[in-house]
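To start, the structure under review is shown below, and the notes come after it.
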Amino acid sequence: MHVYEVLKRPIITEKTMRQQEELNQYTFEIDPRANKRQVKEAVETAFGVTVTKVRIVRLPGKTRRWGRQVSKTSPRKKAIVTLAPGDTISFFEGV
Amino acid sequence: MKVEKTRREGDLTFTITIERKDLEAAKRKAAKKLARELRIPGFRPGKAPYQVVVRYLGGEDALLHEVVEQNFISWITKALEPYGEEIFDVELAEEPDIQGLEAGSEEITITFTVPGMPQATLGDVSSIEVEEVPPELSEEEVEQSVEEALMALREEHATWIPASGPAEYGDLITIDLEGRLLTGETVVTEEDFEIRIPVEDEDEEEEPSPILVAGQETQAVPPERFWSQIVGMSVGQTREFSIAYPEDWSGKKLAGRTVFYRVTLKDLKKAVLPAVDDELAQMVGDFETIEELRSRVREQIETLAEQEAQEKVREKLFEKLVEISEVDYSPKIVQHHVERLMETFEDRLRAQGTTLEEYLDEEGLSPEEYEAELREAVETALQYQAVLDAYVESRGITASPSESLALFLLEMGVTPESLPKEMLSTFASRYHNRVLRRKALKKLMEEVTGEEQPPLPEETIAASVAEKSTEQEEQEPVPATSAEEEAEG
């Protein structure tokens, strides 16, 4: 898998913003096939920072019901990346 | 905030610039407000940070839009605040004419126009020449006026005695009246209608009688010929006749049409005028003999005529001053006044149960003509006021509250005791402008003629009150005697 296929988007919520500020941890949605090593490589290449730790969370697909039809949303994968002290990622360029 | 002001053709153009520091604060404030209002995924209401809000909106521009919307009025109000005196009407200023708005991330520039106070540039007062003072009333004219005044007094004290006929001009009649058009449509119906047949006046034969048929919405004003039909009738008699109204009759409903009238004379009273003798004098008031009354009437007529003539000369001078002065005012003010006048007039008509269209129809005016008339009146008033203000300011003329009060009491012919104190001051303040105007006219007269003018009555009274109150150390607003004197006259 190519390094640029790994990261899908940053997840920006109240919780992740807090993690960024207090713990220097950044959260991304990643390709479900990717592992910790690939995430580390991808973040380091894309943002030019040093990654010290990667934790991965699997999010199973949820059941959705439309009348009698039952379907499932796609399972996702989330990575919480801790950067080396002093490194930062700016998600909001120019703001 | 930087504010620049320029004046052109009565309008004030303001250019205000919101600088970076203020803008930044405003942006943060707007984002905070938006964060509360928007539902941004991942954040509870009000918790999203600035950058997230901006990104959610889709960029700075969208936020600036919100910033302008939120602050627009407060910016403008703040910019105008120090210029309150120069702005015509705060109410109007609240809806300014926006000419330009440039919003950048560094600063925002807003250009807008509000109507300024009308400004007059006074012409050269020394170039005004005094018109010749109108000649005094001739002895004959005075004599005639005295006779007329006596006649009016006699009529006032006339006794009405019932008679059977025939009716004559000047009689008081009670009639049943019915007027129909050829189509059968009723123009007017009245029962037991009491009216005085106007005294025949040769000079005004063509003029319609000013007496309206009361209580009737279609106010048919009977022309002279109407009365000539009634004259000669006896009590109990009924007469039918038709009157063809001329094409140019002021009421459009009747113009060019024929009205069939049916009139029954039910009652007739003739006036018996008291003779011009001492008895009349005693009836009128505190006079012993008719000669006393005569001389008093004469005196009043003469002083009144003199005052009027003086007033006219002053007004003429002022008119000239307006002519040679230049007044700069915004067309928006005129429009505003015209609209306001029309609205109040329409309201009044509505209260009377008619509409503006009907009124204009009666008057034979088109809406455009009516508006043009109003416009002209408003413009003249604005010019006068502006010139007056400029003159008052340039000559340092002031009016004290006691002078305003004195003029109010003089004109209304009331005593200060007859009105509550709070009302006095409110009424008096409305006279402030008039006192200023009168003083300005006096000053102008002095300037042009180089002669000192006698003090105005309100000045004399105010001065005497001031003297009195210092003497007695007791507050007495205005001496009642002078106001009463005026009331009698």
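Residues are referred to by chain and number: the chain letter is A, B, ... according to the order shown in the structure tokens, the number counts from 1 in that chain, and ligands are numbered separately from 1 in the order shown.
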At a cut-off of 8 Å, list the chain B residues touching chain A, using only C-alpha atoms, as a list in words. Pro41, Gly42, Phe43, Arg44, Lys47, Ala48, Gln51, Val54 and Arg55 of chain B
Problem - Within 10 Å of B:Ala275 using only C-alpha atoms, minus same-chain residues under 3 positions, as a PyMOL selection string - result: chain B and resi 151+154+158+272+278-280
Would you mind exporting N, CA, C and O atoms of the selected residues as an mmCIF file, in the first residue's frame?
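So the final result, stored in selection.cif, reads:
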```cif
data_model
loop_
_atom_site.group_PDB
_atom_site.id
_atom_site.type_symbol
_atom_site.label_atom_id
_atom_site.label_comp_id
_atom_site.auth_asym_id
_atom_site.auth_seq_id
_atom_site.Cartn_x
_atom_site.Cartn_y
_atom_site.Cartn_z
ATOM 1 N N MET B 151 -70.248 97.527 13.748
ATOM 2 C CA MET B 151 -71.300 96.712 13.146
ATOM 3 C C MET B 151 -71.191 95.267 13.651
ATOM 4 O O MET B 151 -72.200 94.647 14.007
ATOM 5 N N ARG B 154 -72.466 95.076 17.020
ATOM 6 C CA ARG B 154 -73.929 95.138 17.039
ATOM 7 C C ARG B 154 -74.521 93.772 16.676
ATOM 8 O O ARG B 154 -75.464 93.317 17.309
ATOM 9 N N ALA B 158 -77.038 91.236 18.743
ATOM 10 C CA ALA B 158 -78.361 91.368 18.132
ATOM 11 C C ALA B 158 -79.367 90.460 18.831
ATOM 12 O O ALA B 158 -79.002 89.434 19.388
ATOM 13 N N VAL B 272 -82.513 91.996 15.087
ATOM 14 C CA VAL B 272 -82.746 93.406 15.399
ATOM 15 C C VAL B 272 -81.464 93.902 16.041
ATOM 16 O O VAL B 272 -81.058 93.446 17.113
ATOM 17 N N ASP B 278 -75.037 104.706 23.910
ATOM 18 C CA ASP B 278 -74.314 104.376 25.147
ATOM 19 C C ASP B 278 -74.686 102.997 25.667
ATOM 20 O O ASP B 278 -73.884 102.308 26.288
ATOM 21 N N GLU B 279 -75.931 102.603 25.376
ATOM 22 C CA GLU B 279 -76.391 101.303 25.858
ATOM 23 C C GLU B 279 -75.543 100.164 25.267
ATOM 24 O O GLU B 279 -75.177 99.230 25.951
ATOM 25 N N LEU B 280 -75.268 100.309 23.972
ATOM 26 C CA LEU B 280 -74.425 99.317 23.297
ATOM 27 C C LEU B 280 -73.050 99.260 23.966
ATOM 28 O O LEU B 280 -72.506 98.194 24.242
#
```
Practice problem: Write out as a ChimeraX atom specification all residues of chain A that backbone DSSP assigns to alpha helix (DSSP H). | Solution: /A:3-6,14-23,36-47
For stretch 110-127 of chain B, find every residue with an atom within 9 Å (counting only C-alpha atoms), except residues of its own chain fewer than 4 positions away, and show them as a PyMOL selection string. chain B and resi 7+10-18+76+85-89+92-103+321-333+382-383+385-391+444+447-448
So that I have them on file, write out the residues from the current selection with N, CA and C atoms, as a compact mmCIF listing (two decimals), in the first residue's frame.
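again.txt written:
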```txt
# COMPACT_ATOMS: atom_id res chain seq x y z
N ARG B 7 -18.92 66.90 3.02
CA ARG B 7 -20.28 67.38 2.81
C ARG B 7 -20.44 67.78 1.36
N GLY B 10 -25.69 69.04 0.63
CA GLY B 10 -26.58 68.77 1.75
C GLY B 10 -26.44 67.39 2.36
N ASP B 11 -25.72 66.52 1.66
CA ASP B 11 -25.54 65.18 2.20
C ASP B 11 -24.16 65.06 2.83
N LEU B 12 -24.11 64.32 3.91
CA LEU B 12 -22.82 64.06 4.54
C LEU B 12 -22.38 62.65 4.16
N THR B 13 -21.17 62.57 3.60
CA THR B 13 -20.67 61.25 3.23
C THR B 13 -19.60 60.85 4.23
N PHE B 14 -19.79 59.74 4.85
CA PHE B 14 -18.84 59.25 5.84
C PHE B 14 -18.09 58.05 5.27
N THR B 15 -16.80 58.02 5.53
CA THR B 15 -16.04 56.82 5.19
C THR B 15 -15.44 56.33 6.48
N ILE B 16 -15.85 55.15 6.91
CA ILE B 16 -15.28 54.65 8.15
C ILE B 16 -14.44 53.41 7.86
N THR B 17 -13.33 53.34 8.56
CA THR B 17 -12.43 52.21 8.36
C THR B 17 -12.26 51.48 9.69
N ILE B 18 -12.56 50.20 9.65
CA ILE B 18 -12.34 49.37 10.84
C ILE B 18 -10.95 48.77 10.69
N ILE B 76 -21.83 52.24 12.60
CA ILE B 76 -22.35 53.50 12.04
C ILE B 76 -22.78 54.44 13.16
N GLU B 85 -24.88 66.93 15.88
CA GLU B 85 -25.41 68.27 15.58
C GLU B 85 -25.52 68.53 14.08
N GLU B 86 -24.67 67.87 13.33
CA GLU B 86 -24.63 68.16 11.90
C GLU B 86 -25.58 67.29 11.10
N ILE B 87 -26.10 66.26 11.77
CA ILE B 87 -26.96 65.33 11.06
C ILE B 87 -28.40 65.76 11.22
N PHE B 88 -29.12 65.67 10.13
CA PHE B 88 -30.47 66.22 10.12
C PHE B 88 -31.39 65.50 11.09
N ASP B 89 -31.44 64.20 10.98
CA ASP B 89 -32.41 63.47 11.79
C ASP B 89 -31.83 62.11 12.10
N LEU B 92 -33.53 59.22 10.45
CA LEU B 92 -33.17 59.02 9.05
C LEU B 92 -31.77 58.43 8.93
N ALA B 93 -30.90 58.84 9.85
CA ALA B 93 -29.51 58.40 9.78
C ALA B 93 -29.39 56.92 10.05
N GLU B 94 -30.42 56.36 10.69
CA GLU B 94 -30.35 54.94 10.99
C GLU B 94 -30.51 54.07 9.75
N GLU B 95 -31.01 54.69 8.69
CA GLU B 95 -31.09 53.95 7.44
C GLU B 95 -30.23 54.67 6.41
N PRO B 96 -28.94 54.60 6.57
CA PRO B 96 -28.08 55.38 5.68
C PRO B 96 -28.03 54.76 4.30
N ASP B 97 -27.60 55.60 3.40
CA ASP B 97 -27.46 55.17 2.03
C ASP B 97 -26.05 54.59 1.88
N ILE B 98 -25.95 53.27 1.72
CA ILE B 98 -24.63 52.66 1.66
C ILE B 98 -24.08 52.80 0.25
N GLN B 99 -22.89 53.39 0.16
CA GLN B 99 -22.32 53.58 -1.15
C GLN B 99 -21.24 52.56 -1.48
N GLY B 100 -20.58 52.12 -0.43
CA GLY B 100 -19.53 51.16 -0.72
C GLY B 100 -19.15 50.40 0.52
N LEU B 101 -18.78 49.15 0.30
CA LEU B 101 -18.34 48.36 1.44
C LEU B 101 -17.24 47.45 0.95
N GLU B 102 -16.07 47.64 1.53
CA GLU B 102 -14.97 46.78 1.13
C GLU B 102 -14.50 46.04 2.36
N ALA B 103 -14.64 44.73 2.32
CA ALA B 103 -14.23 43.95 3.46
C ALA B 103 -13.03 43.10 3.10
N LEU B 321 -33.39 88.36 2.66
CA LEU B 321 -32.19 87.70 3.18
C LEU B 321 -32.15 86.25 2.69
N VAL B 322 -33.32 85.62 2.69
CA VAL B 322 -33.38 84.24 2.19
C VAL B 322 -32.99 84.21 0.72
N GLU B 323 -33.49 85.22 -0.01
CA GLU B 323 -33.21 85.28 -1.44
C GLU B 323 -31.72 85.36 -1.73
N ILE B 324 -31.03 86.21 -0.98
CA ILE B 324 -29.61 86.41 -1.29
C ILE B 324 -28.72 85.37 -0.59
N SER B 325 -29.31 84.54 0.25
CA SER B 325 -28.51 83.52 0.91
C SER B 325 -28.58 82.22 0.13
N GLU B 326 -27.59 81.39 0.38
CA GLU B 326 -27.61 80.10 -0.29
C GLU B 326 -27.86 79.01 0.73
N VAL B 327 -28.83 78.18 0.42
CA VAL B 327 -29.16 77.10 1.36
C VAL B 327 -28.84 75.77 0.70
N ASP B 328 -28.20 74.94 1.50
CA ASP B 328 -27.72 73.67 1.02
C ASP B 328 -28.45 72.59 1.83
N TYR B 329 -29.34 71.85 1.16
CA TYR B 329 -30.04 70.81 1.91
C TYR B 329 -30.23 69.57 1.05
N SER B 330 -30.39 68.47 1.73
CA SER B 330 -30.48 67.18 1.03
C SER B 330 -31.89 66.95 0.50
N PRO B 331 -32.03 66.48 -0.73
CA PRO B 331 -33.37 66.19 -1.24
C PRO B 331 -34.08 65.12 -0.41
N LYS B 332 -33.27 64.33 0.31
CA LYS B 332 -33.87 63.28 1.12
C LYS B 332 -34.71 63.86 2.25
N ILE B 333 -34.26 65.00 2.76
CA ILE B 333 -35.01 65.63 3.85
C ILE B 333 -36.38 66.05 3.34
N LEU B 382 -37.83 74.86 4.77
CA LEU B 382 -36.45 74.47 5.07
C LEU B 382 -35.49 75.63 4.86
N GLN B 383 -35.70 76.33 3.74
CA GLN B 383 -34.82 77.46 3.45
C GLN B 383 -34.93 78.52 4.54
N GLN B 385 -35.94 78.20 7.61
CA GLN B 385 -35.41 77.74 8.87
C GLN B 385 -33.88 77.78 8.86
N ALA B 386 -33.30 77.34 7.74
CA ALA B 386 -31.84 77.29 7.67
C ALA B 386 -31.24 78.70 7.74
N VAL B 387 -31.86 79.62 7.00
CA VAL B 387 -31.35 80.99 7.01
C VAL B 387 -31.51 81.59 8.40
N LEU B 388 -32.66 81.32 8.98
CA LEU B 388 -32.89 81.84 10.33
C LEU B 388 -31.86 81.30 11.31
N ASP B 389 -31.63 79.98 11.25
CA ASP B 389 -30.66 79.38 12.15
C ASP B 389 -29.28 80.00 11.96
N ALA B 390 -28.92 80.16 10.69
CA ALA B 390 -27.59 80.71 10.40
C ALA B 390 -27.49 82.14 10.94
N TYR B 391 -28.57 82.89 10.76
CA TYR B 391 -28.55 84.27 11.21
C TYR B 391 -28.48 84.33 12.73
N LEU B 444 -32.42 92.02 12.49
CA LEU B 444 -32.19 92.26 11.06
C LEU B 444 -32.65 93.67 10.69
N GLU B 447 -30.21 96.10 11.89
CA GLU B 447 -28.99 96.08 11.07
C GLU B 447 -29.17 96.84 9.78
N VAL B 448 -30.33 96.63 9.17
CA VAL B 448 -30.56 97.24 7.86
C VAL B 448 -30.83 98.73 7.99
```
Any idea what's packed within 9 Å of A:Lys77, counting only C-alpha atoms, ignoring anything in its chain fewer than 3 positions away? Could you give it as JSON, numbers by chain?
{"A": [28, 29, 30, 31, 32, 33, 34, 56, 57, 58, 59, 60]}
Based on the selection just made, write N, CA and C atoms of those residues as a PDB file, in the first residue's frame.
```
ATOM      1  N   PHE A  28      -6.376  10.495  13.180  1.00  0.00           N
ATOM      2  CA  PHE A  28      -6.694  10.391  11.758  1.00  0.00           C
ATOM      3  C   PHE A  28      -7.592   9.206  11.512  1.00  0.00           C
ATOM      4  N   GLU A  29      -8.438   9.333  10.493  1.00  0.00           N
ATOM      5  CA  GLU A  29      -9.104   8.140   9.992  1.00  0.00           C
ATOM      6  C   GLU A  29      -8.145   7.529   8.989  1.00  0.00           C
ATOM      7  N   ILE A  30      -7.952   6.262   9.076  1.00  0.00           N
ATOM      8  CA  ILE A  30      -6.973   5.628   8.182  1.00  0.00           C
ATOM      9  C   ILE A  30      -7.612   4.490   7.405  1.00  0.00           C
ATOM     10  N   ASP A  31      -6.909   4.057   6.415  1.00  0.00           N
ATOM     11  CA  ASP A  31      -7.377   2.916   5.628  1.00  0.00           C
ATOM     12  C   ASP A  31      -7.440   1.693   6.553  1.00  0.00           C
ATOM     13  N   PRO A  32      -8.571   0.914   6.517  1.00  0.00           N
ATOM     14  CA  PRO A  32      -8.709  -0.234   7.426  1.00  0.00           C
ATOM     15  C   PRO A  32      -7.609  -1.285   7.269  1.00  0.00           C
ATOM     16  N   ARG A  33      -6.916  -1.234   6.124  1.00  0.00           N
ATOM     17  CA  ARG A  33      -5.882  -2.232   5.910  1.00  0.00           C
ATOM     18  C   ARG A  33      -4.551  -1.824   6.519  1.00  0.00           C
ATOM     19  N   ALA A  34      -4.425  -0.563   6.901  1.00  0.00           N
ATOM     20  CA  ALA A  34      -3.127  -0.049   7.338  1.00  0.00           C
ATOM     21  C   ALA A  34      -2.790  -0.506   8.758  1.00  0.00           C
ATOM     22  N   ILE A  56      -4.031   2.305  17.551  1.00  0.00           N
ATOM     23  CA  ILE A  56      -5.050   2.115  16.535  1.00  0.00           C
ATOM     24  C   ILE A  56      -6.340   1.633  17.162  1.00  0.00           C
ATOM     25  N   VAL A  57      -7.454   2.177  16.691  1.00  0.00           N
ATOM     26  CA  VAL A  57      -8.773   1.769  17.161  1.00  0.00           C
ATOM     27  C   VAL A  57      -9.547   1.258  15.965  1.00  0.00           C
ATOM     28  N   ARG A  58     -10.136   0.076  16.083  1.00  0.00           N
ATOM     29  CA  ARG A  58     -10.997  -0.439  15.012  1.00  0.00           C
ATOM     30  C   ARG A  58     -12.419  -0.041  15.342  1.00  0.00           C
ATOM     31  N   LEU A  59     -13.109   0.520  14.361  1.00  0.00           N
ATOM     32  CA  LEU A  59     -14.499   0.902  14.568  1.00  0.00           C
ATOM     33  C   LEU A  59     -15.354   0.014  13.684  1.00  0.00           C
ATOM     34  N   PRO A  60     -16.059  -0.958  14.275  1.00  0.00           N
ATOM     35  CA  PRO A  60     -16.862  -1.853  13.447  1.00  0.00           C
ATOM     36  C   PRO A  60     -17.999  -1.109  12.783  1.00  0.00           C
TER      37      PRO A  60
END
```
